[in-house]
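For reference, query01.csv (CSV, C-alpha atoms and all ligand atoms):
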```csv
chain,number,residue,atom,x,y,z
A,251,MET,CA,38.9,-44.5,41.3
A,252,GLU,CA,41.4,-44.3,38.5
A,253,LYS,CA,41.6,-47.5,36.6
A,254,VAL,CA,44.9,-49.4,36.3
A,255,GLN,CA,46.3,-50.1,32.8
A,256,LEU,CA,47.3,-53.8,32.6
A,257,VAL,CA,48.9,-53.7,29.1
A,258,GLY,CA,52.6,-53.1,29.5
A,259,LYS,CA,52.9,-54.5,33.0
A,260,HIS,CA,55.5,-57.2,33.7
A,261,PRO,CA,54.1,-60.5,35.0
A,262,GLU,CA,55.4,-59.9,38.6
A,263,GLU,CA,53.8,-56.4,38.7
A,264,LEU,CA,50.6,-57.9,37.4
A,265,LYS,CA,50.8,-60.6,40.0
A,266,GLN,CA,51.2,-58.1,42.8
A,267,TRP,CA,48.2,-56.2,41.6
A,268,VAL,CA,46.1,-59.3,41.0
A,269,LEU,CA,46.8,-60.5,44.6
A,270,GLU,CA,46.1,-57.1,46.0
A,271,GLN,CA,42.6,-57.4,44.5
A,272,GLY,CA,42.1,-60.7,46.2
A,273,LEU,CA,42.2,-62.6,42.9
A,274,PRO,CA,43.9,-66.0,42.5
A,275,ALA,CA,47.5,-65.9,41.2
A,276,TYR,CA,46.6,-67.9,38.1
A,277,THR,CA,44.6,-64.9,36.8
A,278,VAL,CA,48.0,-63.5,35.7
A,279,ARG,CA,48.6,-66.3,33.3
A,280,GLN,CA,45.1,-66.0,31.9
A,281,LEU,CA,45.3,-62.3,31.5
A,282,LEU,CA,48.7,-62.5,29.7
A,283,ASP,CA,47.3,-65.2,27.4
A,284,TRP,CA,44.3,-63.2,26.5
A,285,MET,CA,46.1,-59.9,25.9
A,286,TYR,CA,49.2,-61.0,24.1
A,287,ARG,CA,48.4,-64.4,22.6
A,288,LYS,CA,44.7,-64.0,21.7
A,289,ARG,CA,44.9,-60.1,21.4
A,290,VAL,CA,41.7,-59.8,23.3
A,291,PHE,CA,41.6,-56.7,25.5
A,292,ARG,CA,38.1,-56.6,26.8
A,293,PHE,CA,37.5,-58.4,30.1
A,294,GLU,CA,34.0,-59.4,29.2
A,295,GLU,CA,35.4,-61.4,26.3
A,296,MET,CA,37.9,-63.3,28.5
A,297,THR,CA,35.6,-66.2,28.8
A,298,ASN,CA,37.7,-68.5,31.0
A,299,LEU,CA,37.7,-65.9,33.8
A,300,ALA,CA,34.9,-66.2,36.4
A,301,LYS,CA,32.1,-63.7,35.9
A,302,ALA,CA,32.9,-62.0,39.3
A,303,THR,CA,36.5,-61.7,38.2
A,304,ARG,CA,35.5,-60.1,34.9
A,305,THR,CA,33.3,-57.6,36.7
A,306,LEU,CA,36.0,-56.7,39.2
A,307,LEU,CA,38.5,-56.2,36.5
A,308,SER,CA,36.2,-54.0,34.5
A,309,GLU,CA,35.6,-51.8,37.5
A,310,ARG,CA,39.3,-51.5,38.5
A,311,ALA,CA,41.4,-52.0,35.4
A,312,GLU,CA,41.7,-51.4,31.7
A,313,ALA,CA,43.3,-53.5,29.0
A,314,PHE,CA,41.6,-52.3,25.9
A,315,HIS,CA,43.4,-50.4,23.2
A,316,GLU,CA,42.7,-46.9,21.9
A,317,ALA,CA,42.0,-46.7,18.2
A,318,PRO,CA,44.0,-44.1,16.2
A,319,ALA,CA,42.3,-40.7,16.1
A,320,HIS,CA,43.1,-40.3,12.4
A,321,ALA,CA,44.6,-42.2,9.4
A,322,GLU,CA,46.1,-40.8,6.2
A,323,LYS,CA,47.1,-43.0,3.3
A,324,SER,CA,49.9,-42.2,0.9
A,325,ALA,CA,49.8,-43.0,-2.9
A,326,ASP,CA,52.5,-45.6,-2.2
A,327,GLY,CA,50.4,-47.4,0.4
A,328,THR,CA,52.1,-46.0,3.5
A,329,VAL,CA,49.7,-45.1,6.2
A,330,LYS,CA,50.2,-42.4,8.9
A,331,TYR,CA,48.3,-42.9,12.1
A,332,LEU,CA,47.6,-40.2,14.6
A,333,PHE,CA,47.0,-41.1,18.3
A,334,ARG,CA,46.0,-39.1,21.3
A,335,THR,CA,48.1,-39.8,24.3
A,336,LEU,CA,46.9,-40.1,27.9
A,337,ASP,CA,47.8,-36.5,28.7
A,338,GLY,CA,46.1,-35.1,25.6
A,339,SER,CA,49.2,-34.7,23.3
A,340,PHE,CA,49.3,-36.3,19.9
A,341,ILE,CA,51.8,-38.7,18.4
A,342,GLU,CA,52.2,-40.4,15.0
A,343,SER,CA,53.1,-43.9,13.8
A,344,VAL,CA,53.7,-44.9,10.2
A,345,TYR,CA,52.8,-48.3,8.6
A,346,ILE,CA,55.0,-49.1,5.6
A,347,PRO,CA,53.8,-52.1,3.6
A,348,GLU,CA,56.2,-53.9,1.2
A,349,PRO,CA,55.7,-57.1,-0.8
A,350,ASP,CA,57.4,-59.3,1.7
A,351,ARG,CA,57.0,-57.4,5.0
A,352,GLY,CA,55.0,-54.9,7.0
A,353,THR,CA,56.9,-52.4,9.1
A,354,LEU,CA,55.5,-50.1,11.7
A,355,CYS,CA,57.6,-47.1,12.7
A,356,VAL,CA,56.5,-46.2,16.3
A,357,SER,CA,57.0,-43.1,18.5
A,358,SER,CA,58.5,-43.3,22.0
A,359,GLN,CA,57.8,-39.7,23.1
A,360,ALA,CA,55.3,-36.9,22.2
A,361,GLY,CA,57.7,-34.4,20.7
A,362,CYS,CA,61.4,-34.6,21.4
A,363,LYS,CA,64.0,-32.7,23.5
A,364,MET,CA,66.9,-33.2,21.2
A,365,GLY,CA,66.2,-30.4,18.8
A,366,CYS,CA,67.9,-31.8,15.6
A,367,ALA,CA,67.9,-29.0,13.1
A,368,PHE,CA,66.6,-31.1,10.2
A,369,CYS,CA,63.6,-32.7,12.0
A,370,MET,CA,60.0,-31.5,12.4
A,371,THR,CA,59.6,-33.4,15.6
A,372,GLY,CA,62.6,-31.6,17.1
A,373,ARG,CA,60.9,-28.3,16.3
A,374,MET,CA,57.8,-29.3,18.3
A,375,GLY,CA,59.8,-29.4,21.5
A,376,PHE,CA,59.1,-32.0,24.2
A,377,LYS,CA,55.6,-32.7,25.4
A,378,SER,CA,55.7,-36.0,27.3
A,379,ASN,CA,57.1,-39.5,27.6
A,380,LEU,CA,54.9,-42.3,26.3
A,381,THR,CA,54.1,-45.2,28.7
A,382,ALA,CA,54.8,-48.7,27.5
A,383,PHE,CA,51.0,-49.1,27.0
A,384,GLU,CA,51.0,-46.0,24.7
A,385,ILE,CA,53.9,-47.5,22.7
A,386,LEU,CA,52.3,-50.9,22.5
A,387,ASN,CA,48.9,-49.4,21.7
A,388,GLN,CA,50.4,-48.1,18.4
A,389,ILE,CA,51.2,-51.7,17.5
A,390,PHE,CA,48.0,-53.4,18.7
A,391,SER,CA,45.4,-50.9,17.5
A,392,ILE,CA,46.0,-50.4,13.8
A,393,PRO,CA,44.1,-52.5,11.3
A,394,GLU,CA,47.3,-54.0,9.9
A,395,THR,CA,48.5,-55.3,13.3
A,396,GLY,CA,48.3,-58.9,12.1
A,397,ASP,CA,50.4,-58.1,9.0
A,398,LEU,CA,53.3,-56.6,11.0
A,399,THR,CA,56.7,-58.4,10.5
A,400,ASN,CA,58.9,-55.6,11.8
A,401,ILE,CA,58.9,-52.7,14.3
A,402,VAL,CA,61.2,-49.8,14.2
A,403,PHE,CA,61.5,-47.2,17.0
A,404,MET,CA,62.2,-44.3,14.6
A,405,GLY,CA,59.1,-42.2,15.0
A,406,MET,CA,58.7,-39.2,17.2
A,407,GLY,CA,61.1,-39.0,20.2
A,408,GLU,CA,64.5,-40.3,21.3
A,409,PRO,CA,64.0,-43.9,22.7
A,410,MET,CA,67.0,-43.7,25.0
A,411,ASP,CA,65.5,-40.7,26.7
A,412,ASN,CA,62.5,-42.8,27.7
A,413,LEU,CA,64.3,-46.0,28.1
A,414,ASP,CA,62.4,-47.5,31.1
A,415,GLU,CA,59.1,-47.5,29.1
A,416,VAL,CA,60.8,-48.5,25.8
A,417,LEU,CA,62.4,-51.5,27.5
A,418,ARG,CA,59.1,-52.4,29.1
A,419,ALA,CA,57.4,-52.4,25.7
A,420,LEU,CA,60.3,-54.4,24.2
A,421,ASP,CA,59.9,-57.0,26.9
A,422,CYS,CA,56.1,-57.3,26.1
A,423,LEU,CA,57.0,-57.8,22.5
A,424,THR,CA,59.8,-60.3,22.9
A,425,ALA,CA,59.2,-62.2,26.1
A,426,SER,CA,57.7,-65.7,26.0
A,427,TRP,CA,54.9,-64.4,28.3
A,428,GLY,CA,54.3,-61.6,25.8
A,429,LEU,CA,54.1,-61.7,22.0
A,430,GLY,CA,57.2,-63.8,21.8
A,431,TRP,CA,58.6,-61.9,18.8
A,432,SER,CA,62.3,-62.4,17.9
A,433,PRO,CA,64.3,-59.3,18.8
A,434,LYS,CA,65.6,-59.6,15.2
A,435,ARG,CA,62.3,-58.1,14.1
A,436,ILE,CA,62.8,-54.9,16.1
A,437,THR,CA,65.2,-52.0,15.6
A,438,VAL,CA,65.6,-49.2,18.1
A,439,SER,CA,67.2,-46.0,16.9
A,440,THR,CA,69.1,-43.4,18.8
A,441,ILE,CA,71.2,-40.3,18.3
A,442,GLY,CA,73.6,-41.8,20.9
A,443,VAL,CA,72.3,-40.8,24.3
A,444,LEU,CA,75.2,-42.6,26.0
A,445,PRO,CA,73.8,-43.7,29.4
A,446,GLY,CA,70.7,-45.0,27.7
A,447,LEU,CA,72.7,-46.7,24.9
A,448,ASN,CA,74.9,-48.4,27.4
A,449,ARG,CA,71.9,-49.8,29.3
A,450,PHE,CA,70.0,-50.7,26.1
A,451,LEU,CA,73.0,-52.8,24.9
A,452,GLN,CA,73.0,-54.7,28.2
A,453,GLU,CA,69.2,-55.2,28.7
A,454,SER,CA,67.9,-55.8,25.1
A,455,HIS,CA,68.9,-57.9,22.2
A,456,CYS,CA,67.0,-55.9,19.6
A,457,HIS,CA,68.8,-54.4,16.6
A,458,LEU,CA,70.4,-50.9,17.0
A,459,ALA,CA,70.4,-48.0,14.6
A,460,ILE,CA,72.5,-44.9,15.3
A,461,SER,CA,71.5,-41.6,13.7
A,462,LEU,CA,74.9,-40.4,12.5
A,463,HIS,CA,74.4,-37.9,9.5
A,464,THR,CA,78.0,-36.7,9.5
A,465,ALA,CA,81.3,-38.0,10.8
A,466,LEU,CA,82.6,-34.5,11.5
A,467,PRO,CA,82.0,-33.6,15.2
A,468,ASP,CA,81.7,-29.8,14.6
A,469,GLN,CA,79.2,-30.3,11.8
A,470,ARG,CA,77.2,-32.8,13.8
A,471,ALA,CA,77.2,-30.5,16.8
A,472,ALA,CA,75.8,-27.7,14.6
A,473,TRP,CA,72.9,-30.0,13.4
A,474,MET,CA,72.4,-32.1,16.5
A,475,PRO,CA,72.9,-30.3,19.9
A,476,SER,CA,73.2,-33.6,21.6
A,477,GLN,CA,76.6,-34.1,20.1
A,478,LYS,CA,78.0,-31.7,22.7
A,479,ALA,CA,76.7,-33.8,25.6
A,480,TRP,CA,77.3,-37.2,24.1
A,481,PRO,CA,80.0,-37.0,21.4
A,482,LEU,CA,79.5,-39.7,18.7
A,483,SER,CA,83.1,-40.8,19.2
A,484,ASP,CA,82.1,-42.0,22.7
A,485,SER,CA,79.2,-44.1,21.3
A,486,ILE,CA,81.5,-45.6,18.7
A,487,GLU,CA,84.0,-46.5,21.4
A,488,LEU,CA,81.2,-48.2,23.3
A,489,LEU,CA,79.9,-50.0,20.2
A,490,ARG,CA,83.4,-51.4,19.5
A,491,THR,CA,83.1,-53.4,22.8
A,492,VAL,CA,79.9,-55.1,21.6
A,493,ASP,CA,79.7,-58.2,19.3
A,494,PHE,CA,77.6,-57.3,16.2
A,495,SER,CA,78.7,-60.3,14.1
A,496,GLY,CA,75.9,-62.6,15.4
A,497,GLN,CA,72.1,-62.1,15.6
A,498,ARG,CA,72.1,-58.5,16.6
A,499,ARG,CA,72.6,-55.9,13.8
A,500,LEU,CA,74.1,-52.5,14.0
A,501,SER,CA,73.3,-49.9,11.4
A,502,PHE,CA,73.9,-46.2,11.0
A,503,GLU,CA,71.3,-43.8,9.6
A,504,TYR,CA,72.8,-41.1,7.4
A,505,ILE,CA,70.5,-38.4,6.1
A,506,VAL,CA,72.0,-36.9,3.0
A,507,PHE,CA,71.8,-33.1,2.6
A,508,CYS,CA,72.7,-31.6,-0.8
A,509,GLY,CA,76.2,-30.2,-0.8
A,510,LEU,CA,76.7,-30.5,3.0
A,511,ASN,CA,77.6,-34.1,3.7
A,512,ASP,CA,77.6,-35.9,0.3
A,513,ASP,CA,81.1,-35.5,-1.0
A,514,LYS,CA,84.1,-37.8,-1.1
A,515,ALA,CA,85.7,-36.1,1.9
A,516,HIS,CA,82.7,-36.8,4.0
A,517,ALA,CA,82.6,-40.4,2.7
A,518,ASP,CA,86.3,-40.8,3.7
A,519,HIS,CA,85.6,-39.4,7.2
A,520,LEU,CA,82.7,-41.9,7.6
A,521,LEU,CA,84.9,-44.8,6.5
A,522,ARG,CA,87.6,-43.9,9.0
A,523,LEU,CA,85.0,-43.5,11.8
A,524,LEU,CA,83.4,-46.9,11.2
A,525,ASP,CA,86.5,-48.8,10.2
A,526,GLY,CA,86.5,-52.3,11.6
A,527,LEU,CA,82.9,-52.1,13.0
A,528,GLU,CA,80.5,-54.8,11.8
A,529,CYS,CA,77.7,-52.6,10.5
A,530,ARG,CA,75.8,-51.2,7.6
A,531,VAL,CA,74.9,-47.6,6.5
A,532,ASN,CA,71.5,-46.6,5.4
A,533,LEU,CA,71.5,-43.4,3.3
A,534,ILE,CA,68.2,-41.4,3.6
A,535,ARG,CA,67.3,-38.6,1.3
A,536,PHE,CA,66.6,-35.4,3.2
A,537,HIS,CA,62.9,-34.6,2.9
A,538,THR,CA,62.4,-30.8,2.7
A,539,ILE,CA,60.9,-29.0,5.6
A,540,PRO,CA,60.1,-25.3,5.8
A,541,ASP,CA,62.6,-22.6,6.8
A,542,THR,CA,65.9,-24.6,6.7
A,543,PRO,CA,69.0,-24.2,4.7
A,544,PHE,CA,69.0,-28.0,4.0
A,545,LYS,CA,68.2,-29.3,0.6
A,546,ARG,CA,67.3,-32.7,-0.9
A,547,PRO,CA,70.4,-34.5,-2.4
A,548,ASP,CA,71.1,-34.8,-6.0
A,549,GLU,CA,70.3,-38.4,-7.1
A,550,THR,CA,73.6,-38.8,-9.1
A,551,THR,CA,75.7,-37.6,-6.2
A,552,LEU,CA,73.7,-39.8,-3.8
A,553,GLN,CA,74.3,-42.8,-5.9
A,554,TYR,CA,78.0,-42.0,-6.3
A,555,PHE,CA,78.3,-41.6,-2.5
A,556,ALA,CA,76.7,-45.0,-1.9
A,557,ASP,CA,78.8,-46.7,-4.6
A,558,TYR,CA,82.0,-45.2,-3.2
A,559,LEU,CA,81.3,-46.5,0.3
A,560,ASN,CA,80.3,-49.9,-1.0
A,561,LYS,CA,83.5,-50.1,-3.1
A,562,LYS,CA,85.5,-49.3,0.0
A,563,GLY,CA,83.9,-52.2,1.8
A,564,LEU,CA,81.2,-50.4,3.9
A,565,LYS,CA,77.8,-52.0,3.2
A,566,THR,CA,75.6,-49.1,2.2
A,567,THR,CA,72.0,-48.9,0.9
A,568,ILE,CA,69.9,-46.0,-0.2
A,569,ARG,CA,66.6,-46.1,1.7
A,570,LYS,CA,63.5,-45.7,-0.3
A,571,SER,CA,61.5,-42.6,0.5
A,572,ARG,CA,58.0,-43.6,1.6
A,573,GLY,CA,54.9,-41.6,2.5
A,574,GLU,CA,56.4,-38.2,1.6
A,575,ASP,CA,53.1,-36.9,0.2
A,576,ILE,CA,51.4,-37.4,3.6
A,577,LYS,CA,54.4,-36.1,5.6
A,578,ALA,CA,55.1,-39.6,6.9
A,579,ALA,CA,58.7,-39.8,5.6
A,580,CYS,CA,61.8,-39.7,7.8
A,581,GLY,CA,62.1,-36.3,9.7
A,582,LEU,CA,58.6,-35.1,8.8
A,583,LEU,CA,56.6,-36.3,11.7
A,584,SER,CA,55.0,-33.5,13.7
A,585,THR,CA,51.8,-32.9,15.5
A,586,SER,CA,52.4,-29.2,16.4
A,587,GLY,CA,49.3,-27.1,15.9
A,588,MET,CA,47.0,-29.9,17.2
A,601,LIG,FE1,64.4,-36.1,18.2
A,601,LIG,FE2,65.1,-37.9,16.4
A,601,LIG,FE3,64.0,-35.6,15.6
A,601,LIG,FE4,66.5,-35.6,16.6
A,601,LIG,S1,65.8,-36.6,14.7
A,601,LIG,S2,64.8,-34.2,17.1
A,601,LIG,S3,66.3,-37.2,18.2
A,601,LIG,S4,63.0,-37.2,16.8
```
For the structure just supplied, provide its representation as structure tokens.
Amino acid sequence: MEKVQLVGKHPEELKQWVLEQGLPAYTVRQLLDWMYRKRVFRFEEMTNLAKATRTLLSERAEAFHEAPAHAEKSADGTVKYLFRTLDGSFIESVYIPEPDRGTLCVSSQAGCKMGCAFCMTGRMGFKSNLTAFEILNQIFSIPETGDLTNIVFMGMGEPMDNLDEVLRALDCLTASWGLGWSPKRITVSTIGVLPGLNRFLQESHCHLAISLHTALPDQRAAWMPSQKAWPLSDSIELLRTVDFSGQRRLSFEYIVFCGLNDDKAHADHLLRLLDGLECRVNLIRFHTIPDTPFKRPDETTLQYFADYLNKKGLKTTIRKSRGEDIKAACGLLSTSGM
């Protein structure tokens, strides 16, 4: 009999399963408490459950986590973790330590369908959607799990293309029956898959990051095929209907490519596109990947671009490059060949 995975289930689903097994309904509260409060995932260690209940659970269910298959540490302290998924694919997560915070960049899919020209994950193609358990497992199973202050869904995959499982994982992280984290500690990134974005804005309070990279539609379509299906202008129109002046933050990720999107004209287009939106822009240096025409930006040009946007009133920062030596930096995640 295939065992049921309990991590990632909503309380009502858990209740239904528990009752089907002939167990008392209060087992749900006990299980949630062990898994999400105490971070104990082995039934034999759940000491307030009756011995017979523990035995039954061990026979029919799983709640334990899968340790990463491999870890690689960068000179700057960043750690890249490799996980095997339930269907035998591989995914990566990246832990980024800073003096005042610990951020984990998690994957939502093995590979990706979106095919962005500058991204190694896009080149892998799509392998599978991760379950909520596989998403949460990246968070629970690393040695630094207790040091995490922030989670960003910016690893492999497009979160809005696997939204059911992403929302389920977000619920486990933020609900009072789960980890009880503030949604302010979590950022979900998207290239603007419109139906998913619309639903995400209604069903989650987590921060949102949009991968933008250029304000020119034709240029964006050449780099990001998804632009043809979901034009950025439609996402911006939708975002203008949402209040980002309170707890929830909106940011735009802008990878800077040398000579392609780093001049004053591109900055002016960006200013026009985002005019009046409560948001910030994160500039990311392009990290070189093989066989592309893209090049890393010139540092002086990058700084000028950032200064120009800031002077015009658009809050802009240059994101630090982390973990480049272990191919953990933005756009470099790939498990092809495994
Ligand atoms: Fe997919 Fe994001 Fe890479 Fe585009 S940048 S191919 S959406 S992982």
For ligand LIG 601 (chain A), collect every residue having any atom at a distance of at most 7 Å from a ligand atom (counting all atoms listed in the file); output as a PDB file with C-alpha atoms, in the frame of the given file.
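After the write, selection-v8.pdb holds the following:
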```
ATOM      1  CA  CYS A 362      61.400 -34.600  21.400  1.00  0.00           C
ATOM      2  CA  LYS A 363      64.000 -32.700  23.500  1.00  0.00           C
ATOM      3  CA  MET A 364      66.900 -33.200  21.200  1.00  0.00           C
ATOM      4  CA  GLY A 365      66.200 -30.400  18.800  1.00  0.00           C
ATOM      5  CA  CYS A 366      67.900 -31.800  15.600  1.00  0.00           C
ATOM      6  CA  CYS A 369      63.600 -32.700  12.000  1.00  0.00           C
ATOM      7  CA  MET A 370      60.000 -31.500  12.400  1.00  0.00           C
ATOM      8  CA  THR A 371      59.600 -33.400  15.600  1.00  0.00           C
ATOM      9  CA  GLY A 372      62.600 -31.600  17.100  1.00  0.00           C
ATOM     10  CA  GLY A 405      59.100 -42.200  15.000  1.00  0.00           C
ATOM     11  CA  MET A 406      58.700 -39.200  17.200  1.00  0.00           C
ATOM     12  CA  GLY A 407      61.100 -39.000  20.200  1.00  0.00           C
ATOM     13  CA  GLU A 408      64.500 -40.300  21.300  1.00  0.00           C
ATOM     14  CA  THR A 440      69.100 -43.400  18.800  1.00  0.00           C
ATOM     15  CA  ILE A 441      71.200 -40.300  18.300  1.00  0.00           C
ATOM     16  CA  MET A 474      72.400 -32.100  16.500  1.00  0.00           C
ATOM     17  CA  GLY A 581      62.100 -36.300   9.700  1.00  0.00           C
TER      18      GLY A 581
END
```
Review point. Given the choices A:Phe340, A:Trp480, A:Phe314, A:Tyr558, which gets closest to A:Val254 if the distance is worked out from all atoms listed in the file?
Key: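 Once distances to A:Val254 are computed over all atoms listed in the file, the minimum belongs to A:Phe314.
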Practice item. Can you work out the spacing between atom CA of A:Leu299 and atom CA of A:Asp283 in Å, to one decimal? Key: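 Computed distance, atom CA of A:Leu299 to atom CA of A:Asp283, equals 11.6 Å.
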Review point. From the set A:Tyr331, A:Arg435, A:Glu549, A:Leu510, which residue has the shortest atom-to-atom contact distance to A:Gln469, counting all atoms listed in the file?
Key: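 Of all the options, A:Leu510 lies closest to A:Gln469.
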Exercise for review: Determine the nearest neighbour of A:Arg292 from the options A:Glu270, A:Glu316, A:Glu528, A:Glu394, counting only C-alpha atoms.
Suggested key: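 Of all the options, A:Glu316 lies closest to A:Arg292.
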Check your understanding: Given the choices A:Phe383, A:Tyr504, A:Tyr554, A:Phe494, which gets closest to A:Thr335 if the distance is worked out from all atoms listed in the file?
Key ->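 The shortest atom-to-atom distance to A:Thr335 comes from A:Phe383.
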Exercise for review: Using all atoms listed in the file, pick whichever of A:Ala459, A:Leu429, A:Arg351, A:Glu453 has the shortest atom-to-atom distance to A:Val402.
Suggested key: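 When distances to A:Val402 are compared using all atoms listed in the file, the smallest one comes from A:Ala459.
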Practice item. Rounded to one decimal place, report the atom CA of A:Gly375-atom CA of A:Phe333 distance in Å. Key: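 Interatomic distance here is 17.6 Å.
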Check your understanding: With distances taken over all atoms listed in the file, which of A:Leu281, A:Gln271, A:Gly352, A:Ile392 is nearest to A:Ala321?
Key ->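 Using all atoms listed in the file, A:Ala321 sits closest to A:Ile392.
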Exercise for review: Pick out the residues sitting within 6 Å of A:Leu354, and hand them over as a VMD selection string; count all atoms listed in the file, and ignore anything fewer than 4 positions along from it in its own chain.
Suggested key: chain A and resid 344 to 345 401
Exercise for review: Tell me which protein, DNA and RNA residues are within 10 Å of A:Thr277, counting all atoms listed in the file, leaving out same-chain ones fewer than 6 positions away, and put them as a PyMOL selection string.
Suggested key: chain A and resi 264-265+268-269+283+298-300+303
Radius query 9 Å about (49.0, -59.0, 25.9), atoms used: all atoms listed in the file, as a tab-separated table (two decimals) with C-alpha atoms, keeping the file's coordinate frame:
```tsv
chain	number	residue	atom	x	y	z
A	256	LEU	CA	47.30	-53.80	32.60
A	257	VAL	CA	48.90	-53.70	29.10
A	258	GLY	CA	52.60	-53.10	29.50
A	281	LEU	CA	45.30	-62.30	31.50
A	282	LEU	CA	48.70	-62.50	29.70
A	283	ASP	CA	47.30	-65.20	27.40
A	284	TRP	CA	44.30	-63.20	26.50
A	285	MET	CA	46.10	-59.90	25.90
A	286	TYR	CA	49.20	-61.00	24.10
A	287	ARG	CA	48.40	-64.40	22.60
A	288	LYS	CA	44.70	-64.00	21.70
A	289	ARG	CA	44.90	-60.10	21.40
A	290	VAL	CA	41.70	-59.80	23.30
A	291	PHE	CA	41.60	-56.70	25.50
A	313	ALA	CA	43.30	-53.50	29.00
A	422	CYS	CA	56.10	-57.30	26.10
A	423	LEU	CA	57.00	-57.80	22.50
A	427	TRP	CA	54.90	-64.40	28.30
A	428	GLY	CA	54.30	-61.60	25.80
A	429	LEU	CA	54.10	-61.70	22.00
```
Practice item. List the residues sitting within 10 Å of (72.2, -49.9, 18.8) in the file's frame, using only C-alpha atoms, as a list of chain:residue names. Key: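 Checking each residue against the 10 Å limit leaves A:Thr437, A:Val438, A:Ser439, A:Thr440, A:Ile441, A:Gly442, A:Leu447, A:Asn448, A:Phe450, A:Leu451, A:Ser454, A:His455, A:Cys456, A:His457, A:Leu458, A:Ala459, A:Ile460, A:Ser461, A:Ser485, A:Leu489, A:Val492, A:Phe494, A:Arg498, A:Arg499, A:Leu500, A:Ser501, A:Phe502.
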Point to revise | atom CA of A:Ala472 to atom CA of A:Asp548, distance in Å rounded to a single decimal | key: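 Distance between the two atoms: 22.3 Å.
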Exercise for review: Might you pull out every residue within 10 Å of A:Ala419, with only C-alpha atoms counted and same-chain residues fewer than 4 positions away left off, and present them as a list of chain:residue names?
Suggested key: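 Here the answer would be A:Val257, A:Gly258, A:Lys259, A:His260, A:Ser358, A:Thr381, A:Ala382, A:Phe383, A:Glu384, A:Ile385, A:Leu386, A:Asn387, A:Leu413, A:Asp414, A:Glu415, A:Leu423, A:Thr424, A:Ala425, A:Gly428.
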